[in-house]
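As structure tokens, the structure follows; a few thoughts come after it.
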There are 2 protein chains.
Amino acid sequence: MNPMTASNLKSAFGGESMAHMRYISWGEAAKKEGFPNVWNLFNAVSYAEQVHAANHFRELKKEVGEASVTAGAGFGMTNTAENLQGAIDGENYEVDQMYPAFIQVANMQEEKSSIRSFQFALEAEKTHAALFTEAKGRVEQGKDFDESRVHVCNICGYTITGETVEDDCPICKAKPEMFRCFDTNVQ
Amino acid sequence: MNPMTASNLKSAFGGESMAHMRYISWGEAAKKEGFPNVWNLFNAVSYAEQVHAANHFRELKKEVGEASVTAGAGFGMTNTAENLQGAIDGENYEVDQMYPAFIQVANMQEEKSSIRSFQFALEAEKTHAALFTEAKGRVEQGKDFDESRVHVCNICGYTITGETVEDDCPICKAKPEMFRCFDTNVQ
Ligand SMILES: [Fe+2]
Ligand SMILES: [Fe+2]
Ligand SMILES: [Fe+2]
Ligand SMILES: [Fe+2]
Ligand SMILES: [Fe+2]
Ligand SMILES: [Fe+2]
């Protein structure tokens, strides 16, 4: 694999791993603050970031050994509205800056399967930014996020709300049974 | 908080988040390779790294905003014996290099609660290195790790095998009921 694409995969793996972890912490804080559906949303999106991290890691399978990884990450634990804003900022950075740049380089280097791993994440992050924005609007009115069921595609991390998944994944075409369901009342 | 200790906490958070994630991937590979107890061990230790990451993240609660984080991480997916060696190398790096250095600086800067977060991780990593070394010895003989139950302290990430937890945590003094149990046959 071209070293520049390998370095970008490592950076994306680092960013996704840290996003996964901070959504778990911010989710627990949301639950304590009295927003169980925000907690459930954070858990679901945390899992989607795990899907992205695992996809990037798998691409790096032949890059054996230790490496120094530099990646962007958000910090801070103030209150749920601000944590949601931190999450939105992180998602938007990935959508507007990080993944478009990594895809551009991977295209130039013709790293086909890496392009796919980056592209899946880019498209899924858009759904995360939208869901967190919706949740933040509710929390700012003192209300919980109004969806208690969130579904995550196991293949690409695409994330939607609703009772059930009716259609194939619009990003990766996976069947509805490939989605993992997160329910506020069943955990 | 002193910027140097904050920077070290961020780096440790990055390293723990990536360790958490790669143990999930290496665990799935071990299961496919026919080592279900190694899969369970990777899952348990992955959870212990989540405890460390969440502890460091909590220390950083007032450090609101985006940051660039540089952290060490292991890569590669060859076979389970080699993945276990990658895990051992990562744990030993934390025990011998990373955490002693971070604790030294935190001591100098009198960052009491950060010292505690680093110290818990340092001591727990020693148990991880020992368990992975045991598992690797078995796998090299073509056998599975012989323990199907692994217990992780929720407070400090201390990790032990056995039917039940009898004693308080030797690192943080938590009661046996503060441990989370990972069982190969119950997941
Ligand atoms: Fe992601
Ligand atoms: Fe995302
Ligand atoms: Fe998908
Ligand atoms: Fe750790
Ligand atoms: Fe560890
Ligand atoms: Fe403990």
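Here's how to read the names in the structure tokens: chain A, B, ... by the order shown, residue numbers from 1 in each chain, ligand numbers from 1 in the order shown.
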
Chain A residues within 9 Å of chain B, counting only C-alpha atoms: which ones, as a JSON list (two decimals) with N, CA and C atoms, in the first residue's frame?
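Contents of out-v4.json, as written:
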```json
[["chain", "number", "residue", "atom", "x", "y", "z"],
["A", 10, "LYS", "N", -4.42, 5.22, 9.02],
["A", 10, "LYS", "CA", -4.07, 5.18, 10.44],
["A", 10, "LYS", "C", -4.67, 6.38, 11.17],
["A", 13, "PHE", "N", -8.33, 5.83, 11.49],
["A", 13, "PHE", "CA", -8.56, 4.81, 12.53],
["A", 13, "PHE", "C", -8.46, 5.47, 13.92],
["A", 14, "GLY", "N", -7.45, 6.32, 14.10],
["A", 14, "GLY", "CA", -7.30, 7.02, 15.38],
["A", 14, "GLY", "C", -8.48, 7.92, 15.68],
["A", 15, "GLY", "N", -8.91, 8.69, 14.70],
["A", 15, "GLY", "CA", -10.05, 9.60, 14.90],
["A", 15, "GLY", "C", -11.34, 8.86, 15.19],
["A", 16, "GLU", "N", -11.58, 7.77, 14.46],
["A", 16, "GLU", "CA", -12.80, 6.98, 14.67],
["A", 16, "GLU", "C", -12.78, 6.30, 16.04],
["A", 17, "SER", "N", -11.60, 5.78, 16.43],
["A", 17, "SER", "CA", -11.49, 5.11, 17.74],
["A", 17, "SER", "C", -11.79, 6.09, 18.87],
["A", 18, "MET", "N", -11.28, 7.32, 18.73],
["A", 18, "MET", "CA", -11.51, 8.31, 19.78],
["A", 18, "MET", "C", -12.95, 8.81, 19.76],
["A", 19, "ALA", "N", -13.55, 8.93, 18.58],
["A", 19, "ALA", "CA", -14.97, 9.33, 18.50],
["A", 19, "ALA", "C", -15.84, 8.26, 19.16],
["A", 20, "HIS", "N", -15.57, 7.01, 18.83],
["A", 20, "HIS", "CA", -16.29, 5.88, 19.45],
["A", 20, "HIS", "C", -16.27, 6.02, 20.98],
["A", 21, "MET", "N", -15.09, 6.29, 21.51],
["A", 21, "MET", "CA", -14.91, 6.31, 22.96],
["A", 21, "MET", "C", -15.56, 7.54, 23.59],
["A", 22, "ARG", "N", -15.43, 8.70, 22.95],
["A", 22, "ARG", "CA", -16.02, 9.86, 23.62],
["A", 22, "ARG", "C", -17.54, 9.83, 23.53],
["A", 24, "ILE", "N", -19.31, 7.18, 23.98],
["A", 24, "ILE", "CA", -19.71, 6.37, 25.15],
["A", 24, "ILE", "C", -19.74, 7.25, 26.40],
["A", 25, "SER", "N", -18.70, 8.04, 26.60],
["A", 25, "SER", "CA", -18.65, 8.91, 27.79],
["A", 25, "SER", "C", -19.73, 9.99, 27.75],
["A", 50, "GLN", "N", -17.24, 2.48, 15.47],
["A", 50, "GLN", "CA", -16.52, 1.20, 15.58],
["A", 50, "GLN", "C", -16.48, 0.49, 14.22],
["A", 53, "ALA", "N", -13.86, 2.33, 12.20],
["A", 53, "ALA", "CA", -12.50, 2.02, 12.69],
["A", 53, "ALA", "C", -12.10, 0.61, 12.25],
["A", 54, "ALA", "N", -13.02, -0.35, 12.39],
["A", 54, "ALA", "CA", -12.71, -1.74, 12.01],
["A", 54, "ALA", "C", -12.48, -1.86, 10.51],
["A", 57, "PHE", "N", -9.03, -0.44, 9.88],
["A", 57, "PHE", "CA", -8.03, -1.35, 10.46],
["A", 57, "PHE", "C", -7.81, -2.56, 9.54],
["A", 58, "ARG", "N", -8.91, -3.07, 9.01],
["A", 58, "ARG", "CA", -8.82, -4.24, 8.12],
["A", 58, "ARG", "C", -8.02, -3.90, 6.86],
["A", 60, "LEU", "N", -5.60, -2.01, 6.75],
["A", 60, "LEU", "CA", -4.18, -1.89, 7.15],
["A", 60, "LEU", "C", -3.58, -3.24, 7.54],
["A", 61, "LYS", "N", -4.21, -4.34, 7.15],
["A", 61, "LYS", "CA", -3.82, -5.64, 7.70],
["A", 61, "LYS", "C", -2.37, -6.02, 7.42],
["A", 62, "LYS", "N", -1.83, -5.54, 6.31],
["A", 62, "LYS", "CA", -0.43, -5.91, 5.99],
["A", 62, "LYS", "C", 0.58, -4.92, 6.56],
["A", 63, "GLU", "N", 0.09, -3.84, 7.17],
["A", 63, "GLU", "CA", 0.99, -2.82, 7.75],
["A", 63, "GLU", "C", 1.31, -3.20, 9.19],
["A", 64, "VAL", "N", 2.07, -4.28, 9.36],
["A", 64, "VAL", "CA", 2.32, -4.84, 10.69],
["A", 64, "VAL", "C", 3.34, -3.98, 11.46],
["A", 65, "GLY", "N", 3.06, -3.76, 12.75],
["A", 65, "GLY", "CA", 4.03, -3.07, 13.61],
["A", 65, "GLY", "C", 3.45, -1.86, 14.31],
["A", 66, "GLU", "N", 4.30, -1.22, 15.09],
["A", 66, "GLU", "CA", 3.88, -0.04, 15.86],
["A", 66, "GLU", "C", 4.02, 1.20, 14.98],
["A", 67, "ALA", "N", 3.14, 2.17, 15.20],
["A", 67, "ALA", "CA", 3.21, 3.42, 14.46],
["A", 67, "ALA", "C", 2.78, 4.56, 15.36],
["A", 68, "SER", "N", 3.23, 5.76, 15.02],
["A", 68, "SER", "CA", 2.78, 6.95, 15.72],
["A", 68, "SER", "C", 1.66, 7.55, 14.88],
["A", 69, "VAL", "N", 0.50, 7.76, 15.52],
["A", 69, "VAL", "CA", -0.70, 8.19, 14.80],
["A", 69, "VAL", "C", -1.11, 9.57, 15.28],
["A", 70, "THR", "N", -1.34, 10.48, 14.34],
["A", 70, "THR", "CA", -1.85, 11.80, 14.71],
["A", 70, "THR", "C", -3.26, 11.96, 14.15],
["A", 71, "ALA", "N", -4.19, 12.30, 15.02],
["A", 71, "ALA", "CA", -5.59, 12.39, 14.61],
["A", 71, "ALA", "C", -6.29, 13.49, 15.40],
["A", 72, "GLY", "N", -7.33, 14.05, 14.82],
["A", 72, "GLY", "CA", -8.12, 15.07, 15.51],
["A", 72, "GLY", "C", -9.10, 14.42, 16.47],
["A", 73, "ALA", "N", -9.38, 15.12, 17.59],
["A", 73, "ALA", "CA", -10.35, 14.59, 18.55],
["A", 73, "ALA", "C", -10.96, 15.74, 19.35],
["A", 74, "GLY", "N", -12.20, 15.57, 19.75],
["A", 74, "GLY", "CA", -12.86, 16.57, 20.60],
["A", 74, "GLY", "C", -12.77, 16.15, 22.05],
["A", 75, "PHE", "N", -12.68, 17.14, 22.94],
["A", 75, "PHE", "CA", -12.64, 16.86, 24.38],
["A", 75, "PHE", "C", -13.64, 17.76, 25.09],
["A", 76, "GLY", "N", -13.77, 17.52, 26.39],
["A", 76, "GLY", "CA", -14.65, 18.34, 27.22],
["A", 76, "GLY", "C", -15.90, 17.60, 27.64],
["A", 77, "MET", "N", -16.30, 17.83, 28.89],
["A", 77, "MET", "CA", -17.55, 17.26, 29.42],
["A", 77, "MET", "C", -18.21, 18.38, 30.21],
["A", 78, "THR", "N", -19.07, 19.14, 29.56],
["A", 78, "THR", "CA", -19.73, 20.24, 30.25],
["A", 78, "THR", "C", -21.19, 19.85, 30.49],
["A", 86, "GLY", "N", -20.11, 19.46, 20.31],
["A", 86, "GLY", "CA", -18.78, 18.89, 20.08],
["A", 86, "GLY", "C", -18.85, 17.73, 19.09],
["A", 89, "ASP", "N", -19.50, 19.15, 15.57],
["A", 89, "ASP", "CA", -18.27, 19.73, 15.02],
["A", 89, "ASP", "C", -17.33, 18.64, 14.50],
["A", 90, "GLY", "N", -17.21, 17.56, 15.27],
["A", 90, "GLY", "CA", -16.33, 16.47, 14.85],
["A", 90, "GLY", "C", -16.83, 15.80, 13.58]]
```

Could you give me the residues within 6 Å of ligand 1, counting only C-alpha atoms and all ligand atoms, as a list of chain:residue names?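 Taking only C-alpha atoms and all ligand atoms into account, the residues around ligand 1 at most 6 Å away are A:Glu16, A:Glu49, A:His52, A:Ala121, A:Glu125.
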
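Pairwise distance (CA of Ala12 (chain A), atom 1 (Fe, counted along the ligand's line) of ligand 2) equals 11.4 Å.
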
List the spatial neighbours of Gly34 (chain A) as a JSON list (two decimals) with C-alpha atoms, in the first residue's frame - criterion: any atom at most 12 Å away, only C-alpha atoms, same-chain residues fewer than 3 positions off excluded.
```
[["chain", "number", "residue", "atom", "x", "y", "z"],
["A", 27, "GLY", "CA", -23.78, 9.14, 26.33],
["A", 28, "GLU", "CA", -23.37, 8.19, 29.99],
["A", 29, "ALA", "CA", -23.36, 11.88, 30.90],
["A", 30, "ALA", "CA", -26.59, 12.39, 28.90],
["A", 31, "LYS", "CA", -28.26, 9.52, 30.75],
["A", 37, "ASN", "CA", -32.77, 8.72, 24.17],
["A", 38, "VAL", "CA", -29.67, 10.88, 23.70],
["A", 39, "TRP", "CA", -27.71, 8.21, 25.59],
["A", 40, "ASN", "CA", -29.11, 5.58, 23.20],
["A", 79, "ASN", "CA", -23.39, 19.50, 29.55],
["A", 80, "THR", "CA", -25.27, 17.46, 26.96],
["A", 139, "VAL", "CA", -32.08, 19.20, 24.43],
["A", 142, "GLY", "CA", -35.10, 20.82, 27.88],
["A", 143, "LYS", "CA", -36.55, 17.80, 26.05],
["A", 144, "ASP", "CA", -35.10, 14.38, 25.25],
["A", 145, "PHE", "CA", -34.38, 13.27, 21.66]]
```

Within 7 Å of ligand 2, counting only C-alpha atoms and all ligand atoms, which protein or nucleic acid residues do you find, written as a ChimeraX atom specification? /A:45,48-49,91,124-125,128

Write out as a PyMOL selection string the residues lying within 8 Å of Asn2 (chain B), counting only C-alpha atoms and excluding same-chain residues fewer than 4 positions away. chain B and resi 6+109+111

Store the residues picked out above, limited to C-alpha atoms, as a PDB file, in the first residue's frame.
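New file result.pdb:
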```pdb
ATOM      1  CA  ALA B   6      -3.321  17.668  29.521  1.00  0.00           C
ATOM      2  CA  GLN B 109       3.142  19.280  38.086  1.00  0.00           C
ATOM      3  CA  GLU B 111      -1.723  16.881  39.032  1.00  0.00           C
TER       4      GLU B 111
END
```

Would you compute the distance between atom 1 (Fe, counted along the ligand's line) of ligand 4 and CA of Cys156 (chain A)? Give it in Å to one decimal.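 These two atoms are separated by 27.5 Å.
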
If I take CA of Phe118 (chain A) and CA of Tyr99 (chain A), how far is one from the other in Å, to one decimal? 6.1 Å

Spatial neighbours of region 104-107 of chain B, max dist 8 Å, only C-alpha atoms, sep filter under 6 positions, as JSON, numbers by chain: {"B": [4, 5, 114, 115]}

May I have the residues from that selection written out with C-alpha atoms, as a PDB file, in the first residue's frame?
```pdb
ATOM      1  CA  MET B   4       1.841  19.175  29.459  1.00  0.00           C
ATOM      2  CA  THR B   5      -0.259  16.860  31.647  1.00  0.00           C
ATOM      3  CA  SER B 114      -4.229  12.607  36.673  1.00  0.00           C
ATOM      4  CA  ILE B 115      -1.492  10.678  38.505  1.00  0.00           C
TER       5      ILE B 115
END
```

For ligand 3, return the neighbouring residues as an MDAnalysis selection string (distance at most 6 Å; only C-alpha atoms and all ligand atoms). chainID A and resid 153 155:158 169 171:174

Output as an NGL selection string all residues of region 18-85 of chain B that backbone DSSP marks as alpha helix (DSSP H). :B and (18-32 or 36-59 or 80-85)

Enumerate the residues of region 13-185 of chain B with a DSSP assignment of strand (DSSP E or B), computed from the backbone, and present them as an MDAnalysis selection string. chainID B and resid 65:75 149:153 159:161 179:183
